[in-house]
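For reference, data26.txt is printed below; it contains compact mmCIF, C-alpha atoms and all ligand atoms.
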```
# COMPACT_ATOMS: atom_id res chain seq x y z
CA MET A 1 10.28 -76.79 -63.79
CA LYS A 2 6.58 -76.71 -63.19
CA SER A 3 3.78 -75.41 -65.41
CA GLU A 4 0.22 -74.72 -64.36
CA GLY A 5 -2.85 -72.88 -65.60
CA PHE A 6 -2.74 -69.12 -65.08
CA GLY A 7 -6.36 -68.49 -66.04
CA LYS A 8 -8.36 -67.72 -69.16
CA LEU A 9 -8.25 -64.51 -71.18
CA THR A 10 -11.51 -62.75 -72.06
CA THR A 11 -11.18 -64.44 -75.47
CA GLY A 12 -11.41 -67.82 -73.71
CA GLU A 13 -7.78 -68.63 -74.45
CA ASN A 14 -5.90 -70.51 -71.71
CA THR A 15 -2.65 -69.15 -70.31
CA THR A 16 0.19 -70.90 -68.50
CA LEU A 17 2.48 -69.97 -65.63
CA TYR A 18 5.96 -71.52 -65.56
CA THR A 19 7.98 -71.88 -62.36
CA LEU A 20 11.78 -72.17 -62.48
CA SER A 21 13.99 -72.62 -59.43
CA ASN A 22 17.56 -73.03 -58.36
CA GLU A 23 19.05 -73.03 -54.85
CA GLN A 24 18.99 -69.23 -54.56
CA LEU A 25 15.87 -68.12 -56.35
CA THR A 26 12.55 -68.99 -57.91
CA ILE A 27 10.79 -67.13 -60.70
CA THR A 28 7.46 -67.51 -62.41
CA VAL A 29 6.78 -66.33 -65.95
CA SER A 30 3.51 -66.18 -67.86
CA ASP A 31 3.12 -66.82 -71.58
CA PHE A 32 0.74 -63.85 -71.59
CA GLY A 33 3.10 -60.92 -72.17
CA GLY A 34 6.06 -63.07 -71.21
CA SER A 35 5.73 -61.21 -67.92
CA MET A 36 7.61 -62.04 -64.75
CA VAL A 37 4.98 -62.73 -62.09
CA ASN A 38 7.07 -63.71 -59.04
CA LEU A 39 10.70 -63.49 -58.03
CA TRP A 40 11.57 -65.10 -54.72
CA VAL A 41 15.03 -64.47 -53.29
CA LYS A 42 16.37 -65.27 -49.84
CA ASP A 43 16.64 -62.73 -47.04
CA LYS A 44 19.40 -62.70 -44.40
CA GLN A 45 17.75 -65.55 -42.51
CA GLY A 46 17.40 -67.61 -45.67
CA ASN A 47 13.64 -67.12 -45.93
CA PRO A 48 12.24 -66.69 -49.45
CA VAL A 49 10.81 -63.23 -50.15
CA ASP A 50 8.82 -62.37 -53.28
CA ILE A 51 10.34 -59.06 -54.34
CA VAL A 52 8.23 -58.12 -57.38
CA LEU A 53 4.72 -56.72 -57.58
CA GLY A 54 2.23 -58.67 -59.65
CA PHE A 55 -1.19 -60.24 -60.00
CA ASP A 56 -2.50 -63.65 -58.91
CA ASN A 57 -3.82 -64.61 -62.32
CA VAL A 58 -3.85 -63.52 -65.92
CA SER A 59 -6.93 -61.29 -65.53
CA GLY A 60 -4.82 -58.83 -63.56
CA TYR A 61 -2.36 -58.56 -66.43
CA GLU A 62 -5.06 -58.41 -69.09
CA GLY A 63 -6.92 -55.69 -67.18
CA ASP A 64 -3.81 -53.74 -66.20
CA ASP A 65 -4.51 -50.08 -66.78
CA GLY A 66 -1.14 -48.48 -67.38
CA THR A 67 1.08 -49.82 -64.59
CA TYR A 68 2.98 -52.26 -66.88
CA ILE A 69 3.65 -54.44 -63.82
CA GLY A 70 6.19 -57.16 -64.68
CA CYS A 71 5.93 -56.49 -68.42
CA ASN A 72 8.30 -56.68 -71.34
CA VAL A 73 7.87 -53.25 -72.89
CA GLY A 74 8.49 -52.90 -76.64
CA ARG A 75 9.07 -52.21 -79.44
CA ASN A 76 10.11 -49.00 -77.73
CA ALA A 77 10.10 -48.36 -73.99
CA ASN A 78 9.43 -44.89 -72.54
CA ARG A 79 8.21 -41.82 -74.41
CA ILE A 80 8.45 -40.58 -77.98
CA HIS A 81 7.70 -36.89 -78.37
CA ASN A 82 4.67 -36.10 -80.52
CA ALA A 83 4.33 -39.84 -81.12
CA GLY A 84 6.42 -39.72 -84.24
CA PHE A 85 9.89 -39.96 -85.71
CA PHE A 86 11.79 -39.84 -88.98
CA LEU A 87 13.83 -42.81 -90.11
CA ASN A 88 15.69 -42.91 -93.44
CA GLY A 89 13.76 -39.81 -94.49
CA LYS A 90 10.34 -41.33 -93.82
CA LYS A 91 7.89 -40.18 -91.16
CA TYR A 92 6.46 -42.82 -88.82
CA GLU A 93 3.46 -42.15 -86.63
CA LEU A 94 2.69 -43.95 -83.40
CA ASP A 95 -0.30 -43.99 -81.05
CA LYS A 96 -0.81 -40.84 -79.01
CA ASN A 97 -1.56 -42.69 -75.79
CA GLU A 98 -0.24 -40.08 -73.34
CA GLY A 99 -1.49 -36.65 -74.36
CA THR A 100 0.09 -36.01 -77.74
CA ASN A 101 3.03 -38.30 -76.97
CA ASN A 102 3.65 -42.03 -77.16
CA LEU A 103 4.33 -44.02 -73.99
CA HIS A 104 5.67 -47.59 -74.07
CA SER A 105 4.67 -47.97 -77.74
CA GLY A 106 0.95 -47.33 -77.51
CA PHE A 107 -2.40 -49.05 -77.24
CA ASN A 108 -1.37 -52.54 -78.33
CA PRO A 109 1.53 -53.38 -76.04
CA TYR A 110 3.54 -56.60 -76.32
CA SER A 111 2.56 -57.22 -72.71
CA LYS A 112 -1.05 -57.88 -73.72
CA ARG A 113 -0.27 -60.52 -76.31
CA MET A 114 0.35 -64.25 -76.12
CA TRP A 115 4.00 -65.19 -76.52
CA LYS A 116 5.09 -68.61 -77.76
CA VAL A 117 7.19 -70.65 -75.38
CA ASN A 118 10.15 -71.79 -77.50
CA SER A 119 11.96 -73.72 -74.80
CA VAL A 120 11.73 -74.21 -71.09
CA ASN A 121 13.75 -76.24 -68.60
CA ASP A 122 14.74 -76.08 -64.93
CA ASN A 123 16.73 -72.89 -65.21
CA SER A 124 15.60 -71.07 -68.32
CA ILE A 125 12.60 -70.14 -70.38
CA SER A 126 12.59 -68.51 -73.85
CA LEU A 127 9.48 -66.86 -75.23
CA PHE A 128 8.97 -65.63 -78.77
CA LEU A 129 6.89 -62.84 -80.27
CA PHE A 130 6.50 -61.89 -83.92
CA SER A 131 5.87 -58.18 -84.45
CA PRO A 132 4.81 -57.52 -88.06
CA HIS A 133 5.72 -54.56 -90.28
CA MET A 134 4.00 -51.37 -89.02
CA ASP A 135 2.94 -53.06 -85.77
CA GLN A 136 2.33 -50.11 -83.38
CA GLY A 137 3.58 -47.93 -86.27
CA PHE A 138 7.15 -49.27 -86.38
CA PRO A 139 8.69 -50.41 -89.68
CA GLY A 140 9.83 -53.94 -90.40
CA ASN A 141 8.90 -57.51 -89.49
CA MET A 142 10.61 -58.28 -86.22
CA ASP A 143 11.32 -61.57 -84.47
CA LEU A 144 11.80 -61.11 -80.74
CA THR A 145 12.88 -63.59 -78.09
CA VAL A 146 13.07 -62.96 -74.36
CA THR A 147 15.01 -65.43 -72.25
CA TYR A 148 14.96 -65.64 -68.47
CA LEU A 149 17.97 -67.56 -67.19
CA LEU A 150 18.57 -68.45 -63.56
CA GLU A 151 22.22 -68.14 -62.61
CA ALA A 152 24.06 -69.11 -59.43
CA ASN A 153 23.39 -65.79 -57.74
CA GLY A 154 20.82 -64.10 -59.89
CA LEU A 155 18.63 -63.79 -62.93
CA LYS A 156 19.60 -62.81 -66.46
CA ILE A 157 17.05 -61.47 -68.93
CA THR A 158 18.16 -61.42 -72.55
CA TYR A 159 16.41 -59.77 -75.47
CA ASP A 160 17.32 -61.03 -78.93
CA ALA A 161 15.70 -59.61 -82.02
CA SER A 162 16.11 -59.06 -85.69
CA CYS A 163 14.10 -57.09 -88.20
CA ASP A 164 13.98 -57.07 -92.00
CA GLU A 165 14.04 -53.25 -92.11
CA ASP A 166 15.83 -50.56 -90.15
CA THR A 167 13.69 -49.99 -87.07
CA VAL A 168 13.66 -48.77 -83.48
CA ILE A 169 14.26 -51.48 -80.86
CA ASN A 170 14.34 -50.49 -77.22
CA ILE A 171 12.79 -53.23 -75.17
CA THR A 172 13.00 -53.55 -71.42
CA ASN A 173 11.62 -55.20 -68.35
CA HIS A 174 9.14 -53.20 -66.28
CA SER A 175 9.11 -55.13 -63.00
CA TYR A 176 8.32 -53.17 -59.86
CA PHE A 177 10.64 -54.24 -57.07
CA ASN A 178 10.05 -54.04 -53.38
CA LEU A 179 13.10 -55.56 -51.75
CA ASN A 180 11.26 -55.72 -48.43
CA GLY A 181 8.73 -58.01 -50.09
CA GLN A 182 5.88 -57.26 -52.46
CA GLY A 183 3.02 -55.48 -50.72
CA SER A 184 5.11 -54.55 -47.68
CA GLY A 185 4.67 -50.79 -48.04
CA THR A 186 6.79 -47.89 -49.16
CA ILE A 187 10.15 -48.18 -50.93
CA LEU A 188 11.27 -44.75 -49.71
CA LYS A 189 13.75 -46.25 -47.26
CA HIS A 190 15.39 -48.50 -49.85
CA LYS A 191 18.96 -47.44 -50.42
CA VAL A 192 19.98 -46.96 -54.03
CA LYS A 193 23.24 -46.27 -55.78
CA ILE A 194 23.23 -45.45 -59.49
CA ASN A 195 26.45 -45.57 -61.44
CA ALA A 196 25.73 -42.34 -63.33
CA ASP A 197 27.19 -38.84 -63.25
CA SER A 198 24.48 -37.54 -65.54
CA PHE A 199 20.76 -37.88 -66.21
CA ILE A 200 18.12 -36.79 -68.70
CA PRO A 201 16.07 -33.76 -67.55
CA VAL A 202 12.43 -33.87 -68.67
CA ASP A 203 9.60 -31.35 -68.99
CA THR A 204 6.13 -31.46 -67.44
CA ASN A 205 5.11 -34.15 -69.96
CA SER A 206 8.16 -36.27 -69.05
CA ILE A 207 9.68 -35.51 -72.44
CA PRO A 208 13.46 -34.94 -72.52
CA THR A 209 14.47 -31.32 -72.96
CA GLY A 210 17.46 -32.55 -74.99
CA ASP A 211 19.97 -31.59 -72.31
CA ILE A 212 22.14 -33.97 -70.40
CA GLY A 213 22.13 -32.92 -66.76
CA ASN A 214 24.94 -33.29 -64.27
CA VAL A 215 23.75 -35.00 -61.07
CA SER A 216 26.36 -33.32 -58.91
CA GLY A 217 24.85 -31.15 -56.18
CA THR A 218 21.29 -32.13 -57.16
CA PRO A 219 18.68 -34.54 -55.75
CA MET A 220 19.40 -36.71 -58.80
CA ASP A 221 22.79 -37.64 -57.36
CA PHE A 222 22.81 -41.35 -56.47
CA THR A 223 26.54 -41.84 -57.04
CA VAL A 224 26.77 -42.52 -53.31
CA SER A 225 24.13 -44.86 -51.93
CA LYS A 226 21.21 -43.01 -50.32
CA ALA A 227 17.60 -43.58 -49.34
CA ILE A 228 15.12 -42.97 -52.16
CA GLY A 229 13.12 -40.71 -49.87
CA LYS A 230 16.05 -38.55 -48.80
CA ASP A 231 15.85 -35.86 -51.50
CA ILE A 232 12.65 -36.83 -53.29
CA GLU A 233 10.71 -33.77 -52.15
CA SER A 234 13.54 -31.32 -52.95
CA ASP A 235 12.77 -28.15 -54.81
CA PHE A 236 14.16 -29.16 -58.20
CA GLU A 237 12.31 -28.43 -61.42
CA THR A 238 12.57 -31.72 -63.29
CA LEU A 239 11.65 -33.63 -60.13
CA HIS A 240 8.51 -31.48 -59.73
CA ASN A 241 7.67 -32.13 -63.38
CA THR A 242 7.41 -35.87 -62.78
CA GLY A 243 6.07 -35.91 -59.21
CA GLY A 244 9.04 -37.88 -57.90
CA TYR A 245 11.87 -39.85 -59.47
CA ASP A 246 10.86 -40.98 -62.95
CA HIS A 247 14.01 -40.26 -64.92
CA ASN A 248 16.68 -41.84 -67.01
CA TRP A 249 20.23 -41.94 -65.74
CA CYS A 250 23.16 -42.17 -68.17
CA ILE A 251 25.26 -45.13 -67.08
CA ASN A 252 28.92 -44.14 -66.72
CA ASN A 253 31.43 -45.27 -69.33
CA TYR A 254 28.85 -46.79 -71.66
CA ASP A 255 30.62 -48.72 -74.40
CA GLY A 256 28.10 -51.40 -75.29
CA THR A 257 29.46 -53.91 -72.76
CA LEU A 258 27.86 -54.89 -69.45
CA LYS A 259 28.17 -52.29 -66.71
CA GLU A 260 26.90 -52.25 -63.17
CA ALA A 261 24.07 -49.72 -63.26
CA VAL A 262 22.37 -49.96 -59.88
CA VAL A 263 22.79 -51.33 -56.38
CA ALA A 264 19.57 -51.33 -54.35
CA GLU A 265 18.96 -52.55 -50.81
CA GLY A 266 15.78 -53.23 -48.87
CA ASP A 267 15.93 -51.69 -45.40
CA MET A 268 13.81 -54.39 -43.74
CA THR A 269 15.16 -57.58 -45.34
CA GLY A 270 18.70 -56.49 -46.14
CA ILE A 271 18.20 -57.99 -49.61
CA LYS A 272 20.70 -56.37 -51.93
CA MET A 273 20.23 -56.35 -55.69
CA MET A 274 22.79 -55.34 -58.27
CA ILE A 275 21.68 -54.61 -61.83
CA PHE A 276 24.01 -54.94 -64.79
CA THR A 277 23.15 -54.02 -68.35
CA ASP A 278 24.62 -53.23 -71.73
CA TYR A 279 22.04 -50.50 -72.39
CA PRO A 280 23.29 -46.90 -72.07
CA GLY A 281 20.54 -45.73 -69.71
CA ILE A 282 18.40 -46.79 -66.82
CA GLN A 283 15.00 -45.35 -65.95
CA MET A 284 14.27 -45.29 -62.24
CA TYR A 285 10.55 -44.88 -61.68
CA VAL A 286 9.55 -45.03 -58.03
CA GLY A 287 5.88 -45.89 -58.50
CA ASN A 288 4.59 -42.33 -58.15
CA PHE A 289 1.37 -43.26 -60.00
CA LEU A 290 0.57 -46.53 -58.22
CA ASP A 291 -2.88 -46.12 -56.73
CA ASP A 292 -5.01 -48.81 -55.12
CA ILE A 293 -3.78 -51.64 -57.35
CA LYS A 294 -5.14 -55.00 -56.19
CA GLY A 295 -2.07 -57.19 -56.35
CA LYS A 296 -0.90 -60.67 -55.39
CA GLU A 297 -2.06 -62.45 -52.26
CA GLY A 298 -4.53 -59.76 -51.24
CA LYS A 299 -1.89 -57.04 -51.19
CA VAL A 300 -2.81 -53.55 -52.40
CA TYR A 301 -0.16 -51.38 -54.04
CA ASN A 302 -0.16 -47.65 -53.52
CA ARG A 303 2.06 -44.68 -54.34
CA ARG A 304 5.78 -45.43 -54.06
CA GLU A 305 5.35 -49.03 -52.95
CA GLY A 306 7.36 -50.43 -55.85
CA ILE A 307 10.34 -49.25 -57.84
CA CYS A 308 11.14 -49.94 -61.49
CA PHE A 309 14.67 -50.03 -62.82
CA GLU A 310 14.31 -50.14 -66.59
CA PRO A 311 17.53 -50.46 -68.58
CA GLN A 312 17.00 -48.84 -71.99
CA PHE A 313 18.11 -46.26 -74.52
CA TYR A 314 17.39 -42.76 -73.23
CA PRO A 315 13.76 -41.67 -73.68
CA ASP A 316 12.87 -40.23 -77.10
CA SER A 317 16.38 -41.04 -78.27
CA VAL A 318 15.17 -41.60 -81.83
CA ASN A 319 14.48 -37.84 -81.94
CA HIS A 320 17.77 -36.70 -80.38
CA GLU A 321 21.04 -36.78 -82.26
CA ASN A 322 23.03 -36.30 -79.07
CA PHE A 323 21.53 -39.49 -77.53
CA TYR A 324 22.71 -43.02 -78.40
CA SER A 325 20.63 -44.24 -81.32
CA PRO A 326 17.98 -46.92 -80.71
CA VAL A 327 17.91 -47.75 -84.42
CA CYS A 328 18.65 -51.36 -85.24
CA LYS A 329 19.76 -51.91 -88.82
CA ALA A 330 17.95 -54.35 -91.10
CA ASN A 331 18.92 -57.98 -90.52
CA GLN A 332 21.46 -57.07 -87.83
CA PRO A 333 21.18 -58.96 -84.55
CA PHE A 334 19.78 -56.99 -81.61
CA HIS A 335 21.00 -58.33 -78.27
CA LYS A 336 20.63 -56.72 -74.85
CA GLU A 337 20.99 -58.09 -71.35
CA ILE A 338 19.71 -57.24 -67.90
CA ILE A 339 21.27 -59.09 -65.00
CA TYR A 340 19.94 -58.96 -61.44
CA ARG A 341 22.43 -60.29 -58.91
CA PHE A 342 21.56 -60.81 -55.27
CA GLU A 343 23.47 -60.77 -52.04
C1 LIG B 401 7.31 -45.71 -66.93
C2 LIG B 401 7.19 -44.25 -66.96
C3 LIG B 401 6.30 -43.77 -65.88
C4 LIG B 401 4.99 -44.51 -65.90
C5 LIG B 401 5.22 -46.00 -65.85
C6 LIG B 401 3.97 -46.78 -66.02
O1 LIG B 401 8.26 -46.19 -66.11
O2 LIG B 401 8.43 -43.60 -66.90
O3 LIG B 401 6.09 -42.40 -66.02
O4 LIG B 401 4.28 -44.16 -67.05
O5 LIG B 401 6.08 -46.39 -66.85
O6 LIG B 401 2.99 -46.43 -65.12
```
As structure tokens - that is how I would like this structure written.
Amino acid sequence: MKSEGFGKLTTGENTTLYTLSNEQLTITVSDFGGSMVNLWVKDKQGNPVDIVLGFDNVSGYEGDDGTYIGCNVGRNANRIHNAGFFLNGKKYELDKNEGTNNLHSGFNPYSKRMWKVNSVNDNSISLFLFSPHMDQGFPGNMDLTVTYLLEANGLKITYDASCDEDTVINITNHSYFNLNGQGSGTILKHKVKINADSFIPVDTNSIPTGDIGNVSGTPMDFTVSKAIGKDIESDFETLHNTGGYDHNWCINNYDGTLKEAVVAEGDMTGIKMMIFTDYPGIQMYVGNFLDDIKGKEGKVYNRREGICFEPQFYPDSVNHENFYSPVCKANQPFHKEIIYRFE
């Protein structure tokens, strides 16, 4: 384990970058946002490749204007229609930070706060955030811990939380992957398989219509591995609405246990990543909005040069009775896992 300065915030506060390694991989994590900054895995020749987009120092993360690169997104990831919801008969209002809707919980994201490092050693780091009652508009005082754990062939991210009132908890990791190496160009030739027979159609504001769509015979079908770019320009309404893949897939046979959600492969490096999660859904967002982002090591990130796989409850699920509920009961443990395994 190594720790080093990651730069000063505009407040003058110092930040730290932690490096953890095992034989297969190396990650770096910042105490600002608890964000994952680097993830090096080995290609076929055994050369380390950094497969996540990011910034060289904390200023990039502090100044980030809506990409959420490498972030932990909470208390609720994705969109909430009309930035509001009812819980136990009470109306809660959130920031309207995307038109009249709420995206990734609003103007004061967890990713722009200092997290407290609770423990760190050679293969794991745990960071803690306290989110007070009505923080971002959500009820209840919540304790949240994110743990990054290096395993023999991958990385496990765990979210543990508890809250003293019933609340919405739907926190995820928003890393942009490029399995050919960060800053190496388009991800359109990456091959992706998603273990999902259905998906969540959305309108022109990326808000779920409430339907659950069948992927069969549509460009949303990733049940058999295919290149991201293969059907991305197809004439299909919900795909037009979002300007490319930016949808939630419903992971098959969800029962609250870990399931393999995604297998993705970089065409240039042959790096293969499998994602497992115990969330019911996974958002695949192919970086349609990336535009001239000045990233790590002089690289510039443009449209579709990174791909997010965000395990989560379906978008706006708090407002849909036919979606799995993201409500966590008072004083009940919240525990979710995301595992990235490499070949
Ligand atoms: C999510 C959304 C996208 C976009 C990105 C951040 O993944 O689904 O529409 O807002 O976050 O840029």
Select from chain A every residue with an atom at most 6 Å from any atom of ligand LIG 401 (chain B), then for each give the shortest pair of atoms and their distance in Å to one decimal, using all atoms listed in the file, rows by chain and rising number, as a Markdown table.
```
| residue | atom | partner | partner_atom | distance |
| --- | --- | --- | --- | --- |
| A:Gly66 | CA | B:LIG401 | O6 | 5.1 |
| A:Thr67 | CA | B:LIG401 | O6 | 3.9 |
| A:Tyr68 | CA | B:LIG401 | C6 | 5.6 |
| A:Asn78 | CA | B:LIG401 | O2 | 5.9 |
| A:Asp246 | CA | B:LIG401 | O2 | 5.3 |
| A:Tyr285 | CA | B:LIG401 | O1 | 5.2 |
```
Mind giving me the straight-line distance from CA of Asn288 in chain A to CA of Asn252 in chain A in Å, one decimal?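 It comes out at 25.9 Å.
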What are the closest atom pairs, with distances in Å to one decimal, for each residue of range 145-256 of chain A lying within 12 Å of range 17-20 of chain A, using only C-alpha atoms, rows by chain and rising residue number, as a tab-separated table?
```
residue	atom	partner	partner_atom	distance
A:Tyr148	CA	A:Leu20	CA	9.4
A:Leu149	CA	A:Leu20	CA	9.0
A:Leu150	CA	A:Leu20	CA	7.8
A:Glu151	CA	A:Leu20	CA	11.2
A:Leu155	CA	A:Leu20	CA	10.8
```
Find the residues with any atom within 10 Å of (-7.4, -62.1, -72.3); use only C-alpha atoms and the coordinates as given in the file, and write the answer as a short mmCIF file (atom, residue, chain, number, x, y, z; two decimals) with C-alpha atoms, keeping the file's coordinate frame.
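Wrote point-v3.cif, looks like this:
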```cif
data_model
loop_
_atom_site.label_atom_id
_atom_site.label_comp_id
_atom_site.auth_asym_id
_atom_site.auth_seq_id
_atom_site.Cartn_x
_atom_site.Cartn_y
_atom_site.Cartn_z
CA GLY A 7 -6.36 -68.49 -66.04
CA LYS A 8 -8.36 -67.72 -69.16
CA LEU A 9 -8.25 -64.51 -71.18
CA THR A 10 -11.51 -62.75 -72.06
CA THR A 11 -11.18 -64.44 -75.47
CA GLY A 12 -11.41 -67.82 -73.71
CA GLU A 13 -7.78 -68.63 -74.45
CA ASN A 14 -5.90 -70.51 -71.71
CA THR A 15 -2.65 -69.15 -70.31
CA PHE A 32 0.74 -63.85 -71.59
CA VAL A 58 -3.85 -63.52 -65.92
CA SER A 59 -6.93 -61.29 -65.53
CA GLY A 60 -4.82 -58.83 -63.56
CA TYR A 61 -2.36 -58.56 -66.43
CA GLU A 62 -5.06 -58.41 -69.09
CA GLY A 63 -6.92 -55.69 -67.18
CA LYS A 112 -1.05 -57.88 -73.72
CA ARG A 113 -0.27 -60.52 -76.31
CA MET A 114 0.35 -64.25 -76.12
#
```
Could you tell me how far CA of Ala264 in chain A sits from CA of Pro280 in chain A, in Å to one decimal place? 18.6 Å
The residues within 12 Å of (21.7, -55.6, -47.6), using all atoms listed in the file and the coordinates of the file, should be reported as a list in words; which are they?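 Residues found, by chain and rising number: Lys42, Asp43, Lys44, Gln45, Leu179, Asn180, His190, Lys191, Val192, Ser225, Val263, Ala264, Glu265, Gly266, Asp267, Met268, Thr269, Gly270, Ile271, Lys272, Met273, Met274, Phe342 and Glu343 of chain A.
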For CA of Gln24 in chain A and CA of Met1 in chain A, determine how far apart the two atoms are, in Å to one decimal place.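 Between CA of Gln24 in chain A and CA of Met1 in chain A the gap is 14.8 Å.
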In terms of only C-alpha atoms, the residue from A:Thr218, A:Gln182, A:Asn205, A:Asn123 at minimal distance from Gly54 in chain A is A:Gln182
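Nearest residue to Glu337 in chain A among A:Asn57, A:Asn173, A:Ser206, A:Asn214 is A:Asn173, counting only C-alpha atoms.
For the residues A:Gly217, A:Pro208, A:Gly243, A:Gly298, ranking by smallest atom-to-atom distance to Tyr314 in chain A using all atoms listed in the file places A:Pro208 first.
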